[in-house]
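Here is input-v3.pdb, consisting of PDB, C-alpha atoms:
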ATOM      1  CA  MET H   1      33.841 -14.110  28.332
ATOM      2  CA  LYS H   2      30.640 -15.697  29.536
ATOM      3  CA  ARG H   3      27.443 -13.661  29.767
ATOM      4  CA  SER H   4      25.638 -13.460  33.066
ATOM      5  CA  SER H   5      21.952 -14.315  33.266
ATOM      6  CA  SER H   6      20.994 -10.645  33.607
ATOM      7  CA  GLN H   7      22.904  -9.787  30.418
ATOM      8  CA  ARG H   8      21.151 -12.589  28.556
ATOM      9  CA  ALA H   9      17.780 -11.437  29.872
ATOM     10  CA  LEU H  10      18.546  -7.882  28.756
ATOM     11  CA  HIS H  11      19.570  -9.125  25.311
ATOM     12  CA  TYR H  12      16.395 -11.182  24.914
ATOM     13  CA  GLY H  13      14.272  -8.319  26.204
ATOM     14  CA  ARG H  14      15.814  -5.899  23.704
ATOM     15  CA  SER H  15      15.317  -8.391  20.892
ATOM     16  CA  ALA H  16      11.694  -8.960  21.889
ATOM     17  CA  ALA H  17      10.987  -5.217  22.089
ATOM     18  CA  LEU H  18      12.572  -4.528  18.701
ATOM     19  CA  GLY H  19      10.798  -7.529  17.212
ATOM     20  CA  GLY H  20       7.560  -6.015  18.492
ATOM     21  CA  VAL H  21       8.408  -2.704  16.805
ATOM     22  CA  VAL H  22       9.122  -4.501  13.522
ATOM     23  CA  LEU H  23       5.871  -6.452  13.828
ATOM     24  CA  LEU H  24       3.948  -3.243  14.594
ATOM     25  CA  LEU H  25       5.432  -1.502  11.526
ATOM     26  CA  LEU H  26       4.609  -4.391   9.218
ATOM     27  CA  VAL H  27       1.081  -4.912  10.551
ATOM     28  CA  ALA H  28       0.382  -1.182  10.238
ATOM     29  CA  GLY H  29       1.680  -1.236   6.653
ATOM     30  CA  VAL H  30      -0.458  -4.239   5.708
ATOM     31  CA  LEU H  31      -3.610  -2.854   7.344
ATOM     32  CA  SER H  32      -3.124   0.552   5.765
ATOM     33  CA  SER H  33      -2.583  -1.035   2.359
ATOM     34  CA  TRP H  34      -5.409  -3.554   2.707
ATOM     35  CA  ASP H  35      -7.928  -0.736   3.220
ATOM     36  CA  THR H  36      -7.568   0.075  -0.497
ATOM     37  CA  ALA H  37      -6.082  -3.139  -1.868
ATOM     38  CA  HIS H  38      -8.979  -5.394  -0.886
ATOM     39  CA  HIS H  39     -11.165  -3.610  -3.441
ATOM     40  CA  ILE H  40      -8.659  -4.626  -6.133
ATOM     41  CA  VAL H  41      -7.676  -8.074  -4.886
ATOM     42  CA  LEU H  42     -11.260  -9.141  -4.123
ATOM     43  CA  ALA H  43     -12.853  -7.305  -7.069
ATOM     44  CA  LYS H  44     -15.068 -10.166  -8.218
ATOM     45  CA  GLY H  45     -18.707  -9.117  -8.014
ATOM     46  CA  ARG H  46     -17.894  -5.422  -7.745
ATOM     47  CA  GLU H  47     -18.799  -2.773 -10.291
ATOM     48  CA  HIS H  48     -15.981  -2.256 -12.824
ATOM     49  CA  GLY H  49     -15.606   0.530 -15.333
ATOM     50  CA  THR H  50     -13.563   3.481 -16.547
ATOM     51  CA  MET H  51     -13.119   6.905 -15.002
ATOM     52  CA  THR H  52     -12.186  10.030 -16.932
ATOM     53  CA  VAL H  53     -10.525  12.696 -14.777
ATOM     54  CA  THR H  54     -12.143  16.107 -15.268
ATOM     55  CA  GLY H  55     -10.640  17.916 -12.292
ATOM     56  CA  CYS H  56      -8.450  17.483  -9.249
ATOM     57  CA  GLY H  57      -8.641  19.114  -5.853
ATOM     58  CA  SER H  58      -6.103  18.949  -3.061
ATOM     59  CA  GLU H  59      -6.990  15.374  -2.042
ATOM     60  CA  VAL H  60      -9.243  13.819  -4.689
ATOM     61  CA  CYS H  61      -9.780  13.823  -8.426
ATOM     62  CA  THR H  62     -13.296  13.682  -9.830
ATOM     63  CA  GLY H  63     -14.901  12.795 -13.115
ATOM     64  CA  PRO H  64     -17.557  10.735 -14.860
ATOM     65  CA  TYR H  65     -17.680   6.967 -14.589
ATOM     66  CA  THR H  66     -18.588   4.617 -17.428
ATOM     67  CA  PRO H  67     -19.402   1.031 -16.395
ATOM     68  CA  ALA H  68     -17.766  -1.890 -18.219
ATOM     69  CA  ASP H  69     -21.070  -3.726 -18.607
ATOM     70  CA  ASP H  70     -24.592  -2.454 -19.117
ATOM     71  CA  GLY H  71     -25.194  -0.535 -15.961
ATOM     72  CA  SER H  72     -25.873   2.956 -14.839
ATOM     73  CA  GLY H  73     -22.979   5.321 -15.340
ATOM     74  CA  ARG H  74     -22.332   7.872 -12.677
ATOM     75  CA  SER H  75     -21.911  11.490 -13.563
ATOM     76  CA  ARG H  76     -19.371  12.091 -10.819
ATOM     77  CA  VAL H  77     -17.096   9.761  -8.888
ATOM     78  CA  SER H  78     -13.936  10.504  -6.956
ATOM     79  CA  VAL H  79     -10.582   8.796  -6.685
ATOM     80  CA  GLU H  80      -7.736   9.474  -4.269
ATOM     81  CA  LYS H  81      -5.393  11.984  -5.862
ATOM     82  CA  SER H  82      -1.993  10.775  -6.966
ATOM     83  CA  VAL H  83       0.715  12.550  -8.901
ATOM     84  CA  ALA H  84      -0.146  10.409 -11.908
ATOM     85  CA  ALA H  85      -3.765  11.601 -12.296
ATOM     86  CA  LYS H  86      -4.123  14.556 -14.641
ATOM     87  CA  LYS H  87      -7.121  16.155 -16.297
ATOM     88  CA  GLY H  88      -8.222  14.056 -19.266
ATOM     89  CA  ASP H  89      -6.675  10.784 -18.063
ATOM     90  CA  ARG H  90      -8.777   7.622 -18.363
ATOM     91  CA  PHE H  91      -8.112   4.514 -16.330
ATOM     92  CA  PRO H  92      -9.890   1.358 -15.180
ATOM     93  CA  VAL H  93     -11.497   1.504 -11.754
ATOM     94  CA  VAL H  94     -13.673  -0.487  -9.382
ATOM     95  CA  VAL H  95     -16.389   1.213  -7.336
ATOM     96  CA  LYS H  96     -16.291   0.933  -3.550
ATOM     97  CA  PRO H  97     -19.649  -0.585  -2.579
ATOM     98  CA  GLY H  98     -22.244   1.930  -1.439
ATOM     99  CA  THR H  99     -20.171   5.019  -2.295
ATOM    100  CA  PHE H 100     -19.219   7.269  -5.160
ATOM    101  CA  GLU H 101     -15.542   6.526  -4.553
ATOM    102  CA  VAL H 102     -13.505   4.420  -6.941
ATOM    103  CA  VAL H 103     -10.153   2.663  -6.719
ATOM    104  CA  ARG H 104      -7.772   2.390  -9.649
ATOM    105  CA  THR H 105      -7.316  -1.205 -10.838
ATOM    106  CA  GLY H 106      -4.780  -3.010 -12.972
ATOM    107  CA  THR H 107      -1.082  -3.193 -12.205
ATOM    108  CA  PRO H 108      -0.673   0.531 -11.418
ATOM    109  CA  GLY H 109      -3.626   0.484  -9.028
ATOM    110  CA  PHE H 110      -2.482  -2.722  -7.376
ATOM    111  CA  LEU H 111       1.019  -1.366  -6.787
ATOM    112  CA  HIS H 112      -0.273   2.015  -5.605
ATOM    113  CA  ALA H 113      -2.505   0.298  -3.048
ATOM    114  CA  TRP H 114       0.498  -1.480  -1.519
ATOM    115  CA  VAL H 115       2.723   1.632  -1.178
ATOM    116  CA  PRO H 116       2.202   1.869   2.621
ATOM    117  CA  LEU H 117       3.531  -1.686   2.967
ATOM    118  CA  GLY H 118       6.591  -0.742   0.891
ATOM    119  CA  GLY H 119       7.314   2.168   3.219
ATOM    120  CA  ALA H 120       6.803  -0.033   6.259
ATOM    121  CA  LEU H 121       9.267  -2.591   4.867
ATOM    122  CA  VAL H 122      11.913   0.106   4.378
ATOM    123  CA  LEU H 123      11.405   1.412   7.926
ATOM    124  CA  ALA H 124      11.368  -2.084   9.392
ATOM    125  CA  ALA H 125      14.640  -2.842   7.591
ATOM    126  CA  LEU H 126      16.347  -0.096   9.578
ATOM    127  CA  VAL H 127      15.165  -1.599  12.858
ATOM    128  CA  ILE H 128      16.012  -5.135  11.755
ATOM    129  CA  GLY H 129      19.531  -4.196  10.680
ATOM    130  CA  GLY H 130      20.410  -1.670  13.355
ATOM    131  CA  GLY H 131      18.559  -2.999  16.380
ATOM    132  CA  LEU H 132      18.232  -6.720  15.832
ATOM    133  CA  ARG H 133      21.572  -7.002  14.025
ATOM    134  CA  LEU H 134      20.227  -9.175  11.229
ATOM    135  CA  PRO H 135      21.805  -7.541   8.192
ATOM    136  CA  ARG H 136      20.749 -10.109   5.579
ATOM    137  CA  VAL H 137      17.120  -9.987   6.652
ATOM    138  CA  ALA H 138      17.316  -6.190   6.784
ATOM    139  CA  TRP H 139      18.708  -5.979   3.259
ATOM    140  CA  GLY H 140      15.978  -8.317   2.031
ATOM    141  CA  ALA H 141      13.188  -6.294   3.647
ATOM    142  CA  GLY H 142      14.664  -2.980   2.544
ATOM    143  CA  ILE H 143      15.177  -4.093  -1.048
ATOM    144  CA  ALA H 144      11.662  -5.573  -1.211
ATOM    145  CA  GLY H 145      10.162  -2.304   0.046
ATOM    146  CA  ALA H 146      12.302  -0.194  -2.281
ATOM    147  CA  VAL H 147      11.421  -2.374  -5.292
ATOM    148  CA  LEU H 148       7.721  -1.963  -4.507
ATOM    149  CA  LEU H 149       8.051   1.809  -4.213
ATOM    150  CA  VAL H 150      10.114   2.164  -7.397
ATOM    151  CA  ALA H 151       7.809  -0.170  -9.347
ATOM    152  CA  THR H 152       4.838   1.931  -8.271
ATOM    153  CA  PHE H 153       6.608   5.104  -9.368
ATOM    154  CA  PHE H 154       7.257   3.712 -12.847
ATOM    155  CA  ALA H 155       3.839   2.031 -13.191
ATOM    156  CA  LEU H 156       1.943   5.227 -12.498
TER     157      LEU H 156
END

Whole structure given in structure tokens:
Amino acid sequence: MKRSSSQRALHYGRSAALGGVVLLLLVAGVLSSWDTAHHIVLAKGREHGTMTVTGCGSEVCTGPYTPADDGSGRSRVSVEKSVAAKKGDRFPVVVKPGTFEVVRTGTPGFLHAWVPLGGALVLAALVIGGGLRLPRVAWGAGIAGAVLLVATFFAL
């Protein structure tokens, strides 16, 4: 059975709309991740050191900061709270320029920064598989997102 031109137009329109949704999900995931990840990826020239967690609130953990090189230590810096930060933990950090906020570095910090992208990949996989009917691409995106999320869980 041959498709009419209106059916083809509807098919292409649906594909374009769902492709836009997938693109929106992935761009939102990258932008949300890049907000934290750029401090880790582009860390050259930034202040590096170690943070010791002395207390955690509902959203942030605080503690003293010791610089890696000869610099001025800060008595109190804050890091975004994660389930992995407990009182007494020490981990490498980089200071966000002009603030008293730090970002965890190393493999755990790098993976944690990209968690929003992992979630976006999993969500996009559902749209790719169900809406665009591209099961292989959907499995690839879903597995990539799931691997990122699981790797972050084990790294922290």

Give the padded box for region 102-118 of chain H as lines of an AutoDock Vina configuration file: axis-aligned, covering all atoms listed in the file, 3 Å on each side, centre and edge lengths in Å to one decimal.
center_x = -3.5
center_y = 0.6
center_z = -5.0
size_x = 26.1
size_y = 13.6
size_z = 21.9

- Message: Going by the chain IDs and residue numbers used in this file, which residues fall under the PyMOL selection byres ((chain H and resi 102) around 12)? Write them as JSON, numbers by chain.
- Response: {"H": [36, 37, 39, 40, 43, 46, 47, 48, 49, 50, 51, 52, 53, 60, 61, 62, 63, 64, 65, 66, 67, 74, 76, 77, 78, 79, 80, 81, 91, 92, 93, 94, 95, 96, 97, 98, 99, 100, 101, 103, 104, 105, 109]}

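Distance check against His38 (chain H) using all atoms listed in the file: of H:Val127, H:Ala113, H:Ile143, H:Leu18, the minimum falls on H:Ala113.
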
- Query: What gap, in Å, lies between CA of Gly45 (chain H) and CA of Gly73 (chain H)?
  - Reply: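 So the two atoms, CA of Gly45 (chain H) and CA of Gly73 (chain H), lie 16.7 Å apart.
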
- Item | Picked residues, the PyMOL selection byres ((chain H and resi 145) around 7), expected as number ranges by chain | H: 118-119, 121-122, 141-144, 146-149

- Non-local contacts of Ala84 (chain H) (10 Å; only C-alpha atoms; under 5 positions in same chain excluded) as a PyMOL selection string: chain H and resi 89+108+153+155-156

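Distance-wise, CA of Val22 (chain H) and CA of Ile128 (chain H) end up 7.1 Å apart.
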
- Taking the file as shown, what set of residues would the PyMOL selection byres ((chain H and resi 10-15) around 12) give back, as a list in words?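 Evaluating the PyMOL selection byres ((chain H and resi 10-15) around 12) on this file yields Arg3, Ser4, Ser5, Ser6, Gln7, Arg8, Ala9, Ala16, Ala17, Leu18, Gly19, Gly20, Val21, Val22, Leu23, Val127, Ile128, Gly129, Gly130, Gly131, Leu132, Arg133 and Leu134 of chain H.
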
- Message: To one decimal place in Å, what is the distance between CA of Arg90 (chain H) and CA of Pro116 (chain H)?
- Response: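 We find that CA of Arg90 (chain H) and CA of Pro116 (chain H) lie 24.4 Å from each other.
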
Since the input lacks some atoms of region 52-87 of chain H, please model N, CA and C atoms and print them as a PDB file, keeping the file's coordinate frame.
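Output file part.pdb is given in full below:
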ATOM      1  N   THR H  52     -12.894   8.977 -16.214  1.00  0.00           N
ATOM      2  CA  THR H  52     -12.186  10.030 -16.932  1.00  0.00           C
ATOM      3  C   THR H  52     -12.026  11.200 -15.970  1.00  0.00           C
ATOM      4  N   VAL H  53     -10.797  11.618 -15.723  1.00  0.00           N
ATOM      5  CA  VAL H  53     -10.525  12.696 -14.777  1.00  0.00           C
ATOM      6  C   VAL H  53     -10.885  14.030 -15.429  1.00  0.00           C
ATOM      7  N   THR H  54     -11.774  14.783 -14.767  1.00  0.00           N
ATOM      8  CA  THR H  54     -12.143  16.107 -15.268  1.00  0.00           C
ATOM      9  C   THR H  54     -11.603  17.226 -14.392  1.00  0.00           C
ATOM     10  N   GLY H  55     -11.200  16.903 -13.174  1.00  0.00           N
ATOM     11  CA  GLY H  55     -10.640  17.916 -12.292  1.00  0.00           C
ATOM     12  C   GLY H  55     -10.069  17.288 -11.043  1.00  0.00           C
ATOM     13  N   CYS H  56      -9.089  17.974 -10.470  1.00  0.00           N
ATOM     14  CA  CYS H  56      -8.450  17.483  -9.249  1.00  0.00           C
ATOM     15  C   CYS H  56      -8.412  18.582  -8.204  1.00  0.00           C
ATOM     16  N   GLY H  57      -8.758  18.217  -6.988  1.00  0.00           N
ATOM     17  CA  GLY H  57      -8.641  19.114  -5.853  1.00  0.00           C
ATOM     18  C   GLY H  57      -7.355  18.812  -5.105  1.00  0.00           C
ATOM     19  N   SER H  58      -7.316  19.184  -3.842  1.00  0.00           N
ATOM     20  CA  SER H  58      -6.103  18.949  -3.061  1.00  0.00           C
ATOM     21  C   SER H  58      -5.944  17.488  -2.655  1.00  0.00           C
ATOM     22  N   GLU H  59      -7.078  16.757  -2.509  1.00  0.00           N
ATOM     23  CA  GLU H  59      -6.990  15.374  -2.042  1.00  0.00           C
ATOM     24  C   GLU H  59      -7.606  14.348  -2.985  1.00  0.00           C
ATOM     25  N   VAL H  60      -8.568  14.758  -3.803  1.00  0.00           N
ATOM     26  CA  VAL H  60      -9.243  13.819  -4.689  1.00  0.00           C
ATOM     27  C   VAL H  60      -9.353  14.382  -6.097  1.00  0.00           C
ATOM     28  N   CYS H  61      -9.484  13.471  -7.043  1.00  0.00           N
ATOM     29  CA  CYS H  61      -9.780  13.823  -8.426  1.00  0.00           C
ATOM     30  C   CYS H  61     -11.178  13.316  -8.719  1.00  0.00           C
ATOM     31  N   THR H  62     -11.930  14.055  -9.518  1.00  0.00           N
ATOM     32  CA  THR H  62     -13.296  13.682  -9.830  1.00  0.00           C
ATOM     33  C   THR H  62     -13.486  13.592 -11.333  1.00  0.00           C
ATOM     34  N   GLY H  63     -14.570  12.907 -11.715  1.00  0.00           N
ATOM     35  CA  GLY H  63     -14.901  12.795 -13.115  1.00  0.00           C
ATOM     36  C   GLY H  63     -16.017  11.803 -13.323  1.00  0.00           C
ATOM     37  N   PRO H  64     -16.482  11.680 -14.567  1.00  0.00           N
ATOM     38  CA  PRO H  64     -17.557  10.735 -14.860  1.00  0.00           C
ATOM     39  C   PRO H  64     -17.052   9.299 -14.886  1.00  0.00           C
ATOM     40  N   TYR H  65     -17.983   8.394 -14.634  1.00  0.00           N
ATOM     41  CA  TYR H  65     -17.680   6.967 -14.589  1.00  0.00           C
ATOM     42  C   TYR H  65     -18.532   6.259 -15.637  1.00  0.00           C
ATOM     43  N   THR H  66     -17.892   5.425 -16.427  1.00  0.00           N
ATOM     44  CA  THR H  66     -18.588   4.617 -17.428  1.00  0.00           C
ATOM     45  C   THR H  66     -18.420   3.156 -17.053  1.00  0.00           C
ATOM     46  N   PRO H  67     -19.522   2.435 -16.793  1.00  0.00           N
ATOM     47  CA  PRO H  67     -19.402   1.031 -16.395  1.00  0.00           C
ATOM     48  C   PRO H  67     -18.931   0.152 -17.550  1.00  0.00           C
ATOM     49  N   ALA H  68     -18.267  -0.950 -17.206  1.00  0.00           N
ATOM     50  CA  ALA H  68     -17.766  -1.890 -18.219  1.00  0.00           C
ATOM     51  C   ALA H  68     -18.897  -2.680 -18.846  1.00  0.00           C
ATOM     52  N   ASP H  69     -19.920  -2.996 -18.069  1.00  0.00           N
ATOM     53  CA  ASP H  69     -21.070  -3.726 -18.607  1.00  0.00           C
ATOM     54  C   ASP H  69     -22.267  -2.774 -18.647  1.00  0.00           C
ATOM     55  N   ASP H  70     -23.390  -3.287 -19.063  1.00  0.00           N
ATOM     56  CA  ASP H  70     -24.592  -2.454 -19.117  1.00  0.00           C
ATOM     57  C   ASP H  70     -25.051  -2.152 -17.703  1.00  0.00           C
ATOM     58  N   GLY H  71     -24.794  -0.973 -17.287  1.00  0.00           N
ATOM     59  CA  GLY H  71     -25.194  -0.535 -15.961  1.00  0.00           C
ATOM     60  C   GLY H  71     -25.372   0.961 -15.996  1.00  0.00           C
ATOM     61  N   SER H  72     -25.676   1.509 -14.878  1.00  0.00           N
ATOM     62  CA  SER H  72     -25.873   2.956 -14.839  1.00  0.00           C
ATOM     63  C   SER H  72     -24.544   3.651 -14.593  1.00  0.00           C
ATOM     64  N   GLY H  73     -24.182   4.520 -15.518  1.00  0.00           N
ATOM     65  CA  GLY H  73     -22.979   5.321 -15.340  1.00  0.00           C
ATOM     66  C   GLY H  73     -23.231   6.391 -14.292  1.00  0.00           C
ATOM     67  N   ARG H  74     -22.204   6.820 -13.676  1.00  0.00           N
ATOM     68  CA  ARG H  74     -22.332   7.872 -12.677  1.00  0.00           C
ATOM     69  C   ARG H  74     -21.735   9.136 -13.255  1.00  0.00           C
ATOM     70  N   SER H  75     -22.406  10.237 -13.001  1.00  0.00           N
ATOM     71  CA  SER H  75     -21.911  11.490 -13.563  1.00  0.00           C
ATOM     72  C   SER H  75     -20.666  11.970 -12.835  1.00  0.00           C
ATOM     73  N   ARG H  76     -20.518  11.605 -11.570  1.00  0.00           N
ATOM     74  CA  ARG H  76     -19.371  12.091 -10.819  1.00  0.00           C
ATOM     75  C   ARG H  76     -18.940  11.061  -9.784  1.00  0.00           C
ATOM     76  N   VAL H  77     -17.716  10.614  -9.896  1.00  0.00           N
ATOM     77  CA  VAL H  77     -17.096   9.761  -8.888  1.00  0.00           C
ATOM     78  C   VAL H  77     -15.782  10.402  -8.494  1.00  0.00           C
ATOM     79  N   SER H  78     -15.212   9.934  -7.402  1.00  0.00           N
ATOM     80  CA  SER H  78     -13.936  10.504  -6.956  1.00  0.00           C
ATOM     81  C   SER H  78     -12.930   9.391  -6.697  1.00  0.00           C
ATOM     82  N   VAL H  79     -11.684   9.714  -6.934  1.00  0.00           N
ATOM     83  CA  VAL H  79     -10.582   8.796  -6.685  1.00  0.00           C
ATOM     84  C   VAL H  79      -9.520   9.561  -5.904  1.00  0.00           C
ATOM     85  N   GLU H  80      -8.810   8.847  -5.038  1.00  0.00           N
ATOM     86  CA  GLU H  80      -7.736   9.474  -4.269  1.00  0.00           C
ATOM     87  C   GLU H  80      -6.714  10.067  -5.224  1.00  0.00           C
ATOM     88  N   LYS H  81      -6.325  11.300  -4.961  1.00  0.00           N
ATOM     89  CA  LYS H  81      -5.393  11.984  -5.862  1.00  0.00           C
ATOM     90  C   LYS H  81      -4.000  11.371  -5.758  1.00  0.00           C
ATOM     91  N   SER H  82      -3.394  11.182  -6.910  1.00  0.00           N
ATOM     92  CA  SER H  82      -1.993  10.775  -6.966  1.00  0.00           C
ATOM     93  C   SER H  82      -1.311  11.678  -7.986  1.00  0.00           C
ATOM     94  N   VAL H  83      -0.010  11.689  -7.967  1.00  0.00           N
ATOM     95  CA  VAL H  83       0.715  12.550  -8.901  1.00  0.00           C
ATOM     96  C   VAL H  83       0.501  12.125 -10.343  1.00  0.00           C
ATOM     97  N   ALA H  84       0.014  10.919 -10.557  1.00  0.00           N
ATOM     98  CA  ALA H  84      -0.146  10.409 -11.908  1.00  0.00           C
ATOM     99  C   ALA H  84      -1.479  10.789 -12.540  1.00  0.00           C
ATOM    100  N   ALA H  85      -2.448  11.274 -11.749  1.00  0.00           N
ATOM    101  CA  ALA H  85      -3.765  11.601 -12.296  1.00  0.00           C
ATOM    102  C   ALA H  85      -3.794  13.052 -12.765  1.00  0.00           C
ATOM    103  N   LYS H  86      -4.037  13.227 -14.054  1.00  0.00           N
ATOM    104  CA  LYS H  86      -4.123  14.556 -14.641  1.00  0.00           C
ATOM    105  C   LYS H  86      -5.448  14.693 -15.368  1.00  0.00           C
ATOM    106  N   LYS H  87      -5.868  15.900 -15.595  1.00  0.00           N
ATOM    107  CA  LYS H  87      -7.121  16.155 -16.297  1.00  0.00           C
ATOM    108  C   LYS H  87      -7.078  15.499 -17.675  1.00  0.00           C
TER     109      LYS H  87
END
